[in-house]
>>> print(open('target18.cif').read())   # mmCIF, C-alpha atoms
data_coords
loop_
_atom_site.label_atom_id
_atom_site.label_comp_id
_atom_site.auth_asym_id
_atom_site.auth_seq_id
_atom_site.Cartn_x
_atom_site.Cartn_y
_atom_site.Cartn_z
CA MET A 183 -8.87 60.88 -17.53
CA SER A 184 -12.48 61.83 -16.73
CA THR A 185 -13.72 60.99 -20.22
CA VAL A 186 -12.45 57.44 -19.82
CA LEU A 187 -15.10 56.87 -17.16
CA GLU A 188 -17.89 57.61 -19.63
CA VAL A 189 -17.11 54.53 -21.72
CA PRO A 190 -16.83 50.95 -20.51
CA ARG A 191 -13.50 50.67 -18.73
CA VAL A 192 -13.01 47.04 -19.65
CA ASP A 193 -12.69 48.01 -23.30
CA VAL A 194 -10.70 51.19 -22.97
CA ALA A 195 -7.85 50.16 -20.70
CA PRO A 196 -6.39 47.43 -22.92
CA ARG A 197 -6.87 49.58 -26.00
CA VAL A 198 -4.94 52.47 -24.46
CA ALA A 199 -2.21 50.11 -23.24
CA ALA A 200 -1.96 48.50 -26.68
CA ASP A 201 -1.80 51.90 -28.33
CA GLU A 202 1.06 53.00 -26.07
CA HIS A 203 2.80 49.71 -26.65
CA VAL A 204 2.69 50.28 -30.43
CA SER A 205 4.42 53.64 -30.12
CA LEU A 206 7.23 52.38 -27.94
CA ARG A 207 7.73 49.26 -30.07
CA LEU A 208 7.77 51.44 -33.18
CA TRP A 209 10.47 53.66 -31.72
CA LEU A 210 12.58 50.68 -30.62
CA GLN A 211 12.22 49.10 -34.08
CA LEU A 212 13.23 52.35 -35.78
CA LEU A 213 16.18 52.69 -33.46
CA ALA A 214 17.24 49.08 -34.08
CA CYS A 215 17.21 49.55 -37.88
CA ALA A 216 19.12 52.82 -37.66
CA ALA A 217 21.65 51.22 -35.30
CA LEU A 218 22.27 48.25 -37.64
CA ILE A 219 22.92 50.50 -40.62
CA GLU A 220 24.94 52.98 -38.62
CA ARG A 221 27.16 50.28 -37.14
CA HIS A 222 27.88 48.93 -40.61
CA VAL A 223 28.71 52.40 -41.95
CA ARG A 224 30.88 53.09 -38.91
CA GLU A 225 32.89 49.87 -39.42
CA ARG A 226 33.25 50.49 -43.14
CA LEU A 227 34.45 54.06 -42.63
CA ARG A 228 37.03 52.81 -40.15
CA ASP A 229 38.22 49.93 -42.35
CA ARG A 230 38.24 51.78 -45.66
CA PHE A 231 39.20 55.32 -44.69
CA ASP A 232 40.38 55.02 -41.09
CA ILE A 233 37.97 57.76 -40.01
CA THR A 234 35.24 58.00 -37.39
CA LEU A 235 31.53 58.44 -38.04
CA PRO A 236 31.36 61.86 -36.28
CA ARG A 237 34.10 63.06 -38.60
CA PHE A 238 32.26 61.77 -41.69
CA ASP A 239 29.00 63.33 -40.44
CA MET A 240 30.71 66.67 -39.92
CA MET A 241 32.19 66.66 -43.42
CA ALA A 242 28.78 65.62 -44.81
CA GLN A 243 27.12 68.61 -43.12
CA LEU A 244 29.77 70.97 -44.48
CA ASP A 245 29.50 69.43 -47.95
CA ARG A 246 25.85 70.56 -48.08
CA GLU A 247 26.81 74.17 -47.35
CA PRO A 248 29.41 75.48 -49.82
CA LYS A 249 29.45 78.83 -47.98
CA GLY A 250 30.18 77.08 -44.72
CA LEU A 251 28.44 77.00 -41.36
CA LYS A 252 28.79 78.82 -38.09
CA MET A 253 30.42 76.62 -35.47
CA SER A 254 27.27 76.89 -33.31
CA GLU A 255 24.99 75.83 -36.17
CA LEU A 256 27.29 72.93 -37.05
CA SER A 257 27.22 71.82 -33.44
CA ARG A 258 23.41 72.04 -33.38
CA ARG A 259 23.03 70.00 -36.55
CA LEU A 260 25.41 67.32 -35.37
CA MET A 261 23.74 67.24 -31.94
CA VAL A 262 27.10 67.20 -30.21
CA THR A 263 28.59 69.66 -27.77
CA GLY A 264 30.63 72.68 -28.87
CA GLY A 265 33.73 71.13 -27.32
CA ASN A 266 33.45 68.05 -29.52
CA VAL A 267 33.01 70.11 -32.69
CA THR A 268 35.99 72.24 -31.72
CA GLY A 269 38.13 69.12 -31.29
CA LEU A 270 37.03 67.66 -34.63
CA THR A 271 37.53 71.00 -36.35
CA ASP A 272 41.06 71.32 -34.93
CA GLN A 273 41.96 67.91 -36.41
CA LEU A 274 40.44 68.66 -39.81
CA VAL A 275 42.07 72.12 -39.99
CA ALA A 276 45.44 70.57 -39.13
CA GLU A 277 44.98 68.14 -42.02
CA GLY A 278 44.01 70.89 -44.44
CA LEU A 279 40.49 69.49 -44.99
CA VAL A 280 38.56 72.32 -43.35
CA MET A 281 38.96 76.12 -43.10
CA ARG A 282 38.03 78.09 -39.99
CA ARG A 283 37.54 81.82 -40.38
CA GLY A 284 36.42 84.61 -38.09
CA ILE A 285 33.05 86.24 -38.85
CA PRO A 286 33.30 90.05 -39.21
CA GLY A 287 31.30 91.79 -36.51
CA ASP A 288 31.08 88.74 -34.25
CA ARG A 289 34.34 88.18 -32.46
CA ARG A 290 33.31 84.92 -30.83
CA ALA A 291 31.85 83.21 -33.93
CA TYR A 292 33.63 81.16 -36.57
CA ASN A 293 32.68 80.03 -40.03
CA ILE A 294 33.72 76.50 -40.94
CA ARG A 295 33.89 75.14 -44.48
CA LEU A 296 35.53 72.36 -46.46
CA THR A 297 38.72 73.17 -48.33
CA PRO A 298 38.96 71.95 -51.95
CA LYS A 299 41.09 69.08 -50.59
CA GLY A 300 38.40 68.32 -47.99
CA LYS A 301 35.67 68.42 -50.64
CA HIS A 302 37.70 66.06 -52.82
CA GLN A 303 38.24 63.61 -49.97
CA PHE A 304 34.60 63.76 -48.90
CA ASP A 305 33.36 63.14 -52.45
CA ALA A 306 35.43 59.94 -52.63
CA MET A 307 33.98 58.74 -49.32
CA ALA A 308 30.42 59.74 -50.26
CA VAL A 309 30.52 57.58 -53.40
CA GLU A 310 31.54 54.51 -51.39
CA HIS A 311 29.10 55.35 -48.62
CA GLU A 312 26.23 55.36 -51.08
CA ALA A 313 27.38 52.01 -52.49
CA TRP A 314 27.35 50.45 -48.99
CA ILE A 315 23.83 51.72 -48.38
CA VAL A 316 22.61 50.50 -51.77
CA ASP A 317 24.16 47.09 -51.14
CA LEU A 318 22.74 46.85 -47.62
CA LEU A 319 19.19 48.03 -48.37
CA GLY A 320 19.06 46.24 -51.72
CA GLU A 321 18.00 43.08 -49.87
CA LEU A 322 14.59 44.73 -49.36
CA PRO A 323 12.48 44.66 -52.55
CA ARG A 324 12.18 47.98 -54.36
CA GLU A 325 8.45 48.24 -53.67
CA ALA A 326 8.94 47.69 -49.93
CA ARG A 327 11.60 50.40 -49.93
CA ASP A 328 9.23 52.83 -51.65
CA THR A 329 6.45 52.07 -49.16
CA LEU A 330 8.78 52.46 -46.21
CA HIS A 331 10.15 55.73 -47.53
CA GLU A 332 6.62 57.07 -47.85
CA SER A 333 5.61 55.88 -44.36
CA LEU A 334 8.71 57.45 -42.86
CA GLY A 335 7.83 60.67 -44.66
CA GLN A 336 4.46 60.63 -42.88
CA LEU A 337 6.18 59.96 -39.58
CA LYS A 338 8.58 62.85 -40.14
CA GLU A 339 5.67 65.16 -40.87
CA ALA A 340 3.82 64.02 -37.76
CA LEU A 341 6.93 64.43 -35.61
CA THR A 342 7.66 67.87 -37.00
CA ALA A 343 4.05 68.95 -36.36
CA ARG A 344 4.09 67.57 -32.82
CA LEU A 345 7.43 69.17 -32.00
CA ALA A 346 6.34 72.52 -33.46
CA ALA A 347 3.17 72.43 -31.34
CA GLY A 348 5.35 72.28 -28.22
CA SER A 349 6.22 69.31 -26.13
CA GLU A 350 3.54 69.73 -23.50
CA PRO A 351 0.57 67.33 -23.66
CA HIS A 352 -2.29 68.39 -25.97
CA ALA A 353 -4.67 70.87 -24.32
CA ALA A 354 -7.57 68.65 -25.33
CA GLU A 355 -6.26 65.69 -23.36
CA MET B 201 29.26 46.78 -65.93
CA SER B 202 29.58 44.70 -69.11
CA THR B 203 26.00 43.40 -68.92
CA VAL B 204 24.69 46.94 -69.08
CA LEU B 205 25.90 47.14 -72.66
CA GLU B 206 23.63 44.28 -73.71
CA VAL B 207 20.43 46.20 -72.99
CA PRO B 208 19.44 49.67 -74.20
CA ARG B 209 21.47 52.08 -72.12
CA VAL B 210 18.85 54.78 -72.30
CA ASP B 211 16.44 52.65 -70.28
CA VAL B 212 18.77 51.03 -67.81
CA ALA B 213 20.82 53.94 -66.57
CA PRO B 214 17.96 55.99 -65.08
CA ARG B 215 16.35 52.88 -63.60
CA VAL B 216 19.56 51.89 -61.83
CA ALA B 217 20.14 55.46 -60.68
CA ALA B 218 16.55 55.73 -59.40
CA ASP B 219 16.89 52.46 -57.52
CA GLU B 220 20.08 53.60 -55.83
CA HIS B 221 18.49 56.94 -55.10
CA VAL B 222 15.63 55.20 -53.27
CA SER B 223 18.01 53.36 -50.94
CA LEU B 224 19.99 56.44 -50.00
CA ARG B 225 16.86 58.55 -49.57
CA LEU B 226 15.34 55.82 -47.43
CA TRP B 227 18.37 55.75 -45.15
CA LEU B 228 18.44 59.54 -44.85
CA GLN B 229 14.70 59.58 -44.05
CA LEU B 230 15.15 56.88 -41.41
CA LEU B 231 18.07 58.77 -39.93
CA ALA B 232 16.10 62.04 -39.90
CA CYS B 233 13.18 60.44 -38.02
CA ALA B 234 15.49 58.76 -35.51
CA ALA B 235 17.38 62.02 -35.00
CA LEU B 236 14.17 64.03 -34.37
CA ILE B 237 12.97 61.58 -31.72
CA GLU B 238 16.40 61.17 -30.19
CA ARG B 239 16.95 64.90 -29.90
CA HIS B 240 13.61 65.28 -28.12
CA VAL B 241 14.42 62.43 -25.71
CA ARG B 242 17.89 63.88 -25.11
CA GLU B 243 16.47 67.31 -24.24
CA ARG B 244 13.79 65.83 -22.00
CA LEU B 245 16.27 63.64 -20.12
CA ARG B 246 18.44 66.69 -19.53
CA ASP B 247 15.56 68.94 -18.42
CA ARG B 248 13.71 66.41 -16.29
CA PHE B 249 16.51 64.29 -14.83
CA ASP B 250 19.69 66.22 -15.62
CA ILE B 251 21.22 63.15 -17.26
CA THR B 252 22.74 62.46 -20.65
CA LEU B 253 21.38 60.09 -23.29
CA PRO B 254 24.45 57.77 -23.19
CA ARG B 255 23.89 57.38 -19.47
CA PHE B 256 20.19 56.58 -19.96
CA ASP B 257 21.05 54.12 -22.74
CA MET B 258 23.58 52.38 -20.54
CA MET B 259 21.10 52.02 -17.68
CA ALA B 260 18.48 50.78 -20.18
CA GLN B 261 20.85 48.06 -21.40
CA LEU B 262 21.61 46.99 -17.84
CA ASP B 263 17.91 47.05 -16.94
CA ARG B 264 17.32 44.33 -19.55
CA GLU B 265 19.93 42.04 -17.97
CA PRO B 266 19.25 41.47 -14.27
CA LYS B 267 22.40 39.31 -14.04
CA GLY B 268 24.48 42.12 -15.49
CA LEU B 269 26.72 42.39 -18.53
CA LYS B 270 30.41 42.10 -19.21
CA MET B 271 31.98 45.50 -19.75
CA SER B 272 33.01 44.43 -23.27
CA GLU B 273 29.48 43.31 -24.17
CA LEU B 274 28.00 46.50 -22.75
CA SER B 275 30.44 48.51 -24.84
CA ARG B 276 29.51 46.52 -27.96
CA ARG B 277 25.78 47.01 -27.44
CA LEU B 278 26.16 50.71 -26.84
CA MET B 279 28.50 51.05 -29.83
CA VAL B 280 30.86 53.24 -27.87
CA THR B 281 34.49 52.72 -27.01
CA GLY B 282 35.62 50.90 -23.87
CA GLY B 283 37.03 54.13 -22.50
CA ASN B 284 33.63 55.84 -22.66
CA VAL B 285 31.87 52.94 -20.92
CA THR B 286 34.56 52.94 -18.23
CA GLY B 287 34.00 56.65 -17.63
CA LEU B 288 30.22 56.28 -17.44
CA THR B 289 30.56 53.25 -15.18
CA ASP B 290 32.88 55.13 -12.82
CA GLN B 291 30.27 57.89 -12.45
CA LEU B 292 27.38 55.49 -11.90
CA VAL B 293 29.36 53.39 -9.39
CA ALA B 294 30.28 56.54 -7.47
CA GLU B 295 26.58 57.42 -7.26
CA GLY B 296 25.62 53.94 -6.08
CA LEU B 297 23.51 53.23 -9.18
CA VAL B 298 25.68 50.49 -10.67
CA MET B 299 27.84 47.65 -9.27
CA ARG B 300 31.10 46.56 -10.87
CA ARG B 301 32.45 43.14 -9.92
CA GLY B 302 35.35 41.03 -11.06
CA ILE B 303 34.57 37.84 -12.99
CA PRO B 304 36.15 34.71 -11.44
CA GLY B 305 38.65 33.17 -13.83
CA ASP B 306 38.98 36.24 -16.00
CA ARG B 307 41.14 38.83 -14.31
CA ARG B 308 40.63 41.50 -16.93
CA ALA B 309 36.84 41.26 -17.23
CA TYR B 310 34.18 42.97 -15.16
CA ASN B 311 30.48 42.35 -14.68
CA ILE B 312 28.32 45.47 -14.49
CA ARG B 313 24.78 45.57 -13.14
CA LEU B 314 22.26 48.02 -11.73
CA THR B 315 22.00 48.32 -7.95
CA PRO B 316 18.47 48.31 -6.45
CA LYS B 317 18.83 52.11 -6.22
CA GLY B 318 19.85 52.25 -9.89
CA LYS B 319 16.94 50.01 -10.88
CA HIS B 320 14.56 52.23 -8.93
CA GLN B 321 15.89 55.39 -10.57
CA PHE B 322 15.82 53.84 -14.04
CA ASP B 323 12.22 52.65 -13.62
CA ALA B 324 11.11 56.20 -12.82
CA MET B 325 12.87 57.51 -15.94
CA ALA B 326 11.56 54.69 -18.13
CA VAL B 327 7.94 55.51 -17.27
CA GLU B 328 8.40 59.13 -18.32
CA HIS B 329 10.43 58.14 -21.37
CA GLU B 330 7.58 55.96 -22.60
CA ALA B 331 5.10 58.81 -22.06
CA TRP B 332 7.25 61.16 -24.19
CA ILE B 333 7.38 58.62 -26.99
CA VAL B 334 3.64 57.95 -26.82
CA ASP B 335 2.94 61.68 -26.90
CA LEU B 336 5.35 62.29 -29.79
CA LEU B 337 4.30 59.36 -32.01
CA GLY B 338 0.61 59.71 -31.13
CA GLU B 339 0.34 62.35 -33.85
CA LEU B 340 0.61 59.53 -36.42
CA PRO B 341 -2.67 57.57 -36.72
CA ARG B 342 -2.64 54.14 -35.11
CA GLU B 343 -2.99 52.34 -38.43
CA ALA B 344 -0.01 54.18 -39.91
CA ARG B 345 2.04 53.26 -36.85
CA ASP B 346 1.12 49.58 -37.26
CA THR B 347 2.06 49.64 -40.96
CA LEU B 348 5.33 51.37 -40.26
CA HIS B 349 6.20 48.94 -37.47
CA GLU B 350 5.61 46.05 -39.83
CA SER B 351 7.64 47.62 -42.67
CA LEU B 352 10.52 48.30 -40.29
CA GLY B 353 10.33 44.68 -39.18
CA GLN B 354 10.86 43.63 -42.81
CA LEU B 355 13.75 46.06 -43.12
CA LYS B 356 15.36 44.70 -39.95
CA GLU B 357 15.05 41.16 -41.30
CA ALA B 358 16.58 42.18 -44.64
CA LEU B 359 19.42 44.04 -42.92
CA THR B 360 20.15 41.13 -40.60
CA ALA B 361 20.19 38.69 -43.54
CA ARG B 362 22.46 40.96 -45.59
CA LEU B 363 24.85 41.54 -42.70
CA ALA B 364 24.98 37.82 -41.86
CA ALA B 365 25.82 37.04 -45.51
CA GLY B 366 28.93 39.21 -45.18
CA SER B 367 29.45 42.72 -46.33
CA GLU B 368 31.08 41.93 -49.65
CA PRO B 369 28.97 42.49 -52.78
CA HIS B 370 26.80 39.52 -53.85
CA ALA B 371 28.76 36.95 -55.84
CA ALA B 372 26.11 37.12 -58.58
CA GLU B 373 26.68 40.82 -59.21
#
>>> encode(input="target18.cif", output="structure tokens")
Amino acid sequence: MSTVLEVPRVDVAPRVAADEHVSLRLWLQLLACAALIERHVRERLRDRFDITLPRFDMMAQLDREPKGLKMSELSRRLMVTGGNVTGLTDQLVAEGLVMRRGIPGDRRAYNIRLTPKGKHQFDAMAVEHEAWIVDLLGELPREARDTLHESLGQLKEALTARLAAGSEPHAAE
Amino acid sequence: MSTVLEVPRVDVAPRVAADEHVSLRLWLQLLACAALIERHVRERLRDRFDITLPRFDMMAQLDREPKGLKMSELSRRLMVTGGNVTGLTDQLVAEGLVMRRGIPGDRRAYNIRLTPKGKHQFDAMAVEHEAWIVDLLGELPREARDTLHESLGQLKEALTARLAAGSEPHAAE
């Protein structure tokens, strides 16, 4: 704060406030867009396939890893608790869509992967899912989509850098 | 599909594929950014206030509506099931942070609002929440944040227009 006193306060205070305002507004805008798309996908998954979004997300994560994932890693990626992943896994195993196998040398760990039937079912859903997204985002001109994709790439880089540097305030501040 | 045959296939196919690819990549990029920020906020809320993100989100929704919200509307805004909102409400009522009152003329509906104690507790969390966001997004230059905010505004408009037009494919397609 001491450096603020070295420059005219009347200029700095509104600038700092405006700067903070931009960040919060940006986050709320990002969240609003993600929520609109996610709600649409959620409704479509329910109407077309009678499945929940967490279930689709779990199958999507497993689809990216043909060798499967540890239960703990799956839980981390889905940002849900172990209990929730266990419940989802139980359902999918019962339906023959997912395999759960012990990991040699680690009695408490399990490897989870899609069965061929699960892979087949996910592929069918993924094709439709992509079509919904294409239809929904197609309202935005191609150029605007490219620009936004690039800007979000910059944001992702900045976020990753900030998170890697630790979540405490910058030493210089 | 029939119109595709009227133009050279060798040109059209990759262009269409690339266009679809942009939309899906854009959504995945948006989701990745939202997930990075959300995970950080979730961890911070847990470490600093020992509360969950759904609980914070529910208090944030109520904070915007001093007169309170119907349980059904609250559930809709939070995109969670009625059962989950009921569970969260029960906890918050027990802690004196939220009031639940019957709505005259509608025996099955309830109005939910923050108590003064709940408002006080939420305000304290909201101040810190904003500081985390400012710290996290501050890594992106101010100009880039402004651009991104504007681009996301365009996306939100396009999404809202598309969703209002109904989720069936355009008649012209």
>>> interface_residues(input="target18.cif", of="chain B", to="chain A", cutoff="6 Å", atoms="only C-alpha atoms", output="ChimeraX atom specification")
/B:220,223,226,233,334,339-340,349,356,358
>>> resolve_selection(input="target18.cif", expression="the PyMOL selection byres ((chain B and resi 247-261) around 8)", output="list in words")
Val241, Arg242, Glu243, Arg244, Leu245, Arg246, Leu262, Asp263, Arg264, Glu265, Leu274, Arg277, Leu278, Leu288, Leu314, Gly318, Phe322 and Met325 of chain B
>>> atom_distance(input="target18.cif", atom1="atom CA of Pro316 of chain B", atom2="atom CA of Pro304 of chain B")
22.9 Å
>>> atom_distance(input="target18.cif", atom1="atom CA of Thr268 of chain A", atom2="atom CA of Arg295 of chain A")
13.3 Å
>>> residues_around(input="target18.cif", residues="segment 290-292 of chain A", least_positions_apart="5", cutoff="10 Å", atoms="all atoms listed in the file", output="JSON, numbers by chain")
{"A": [250, 251, 252, 253, 254, 281, 282, 283, 284, 285]}
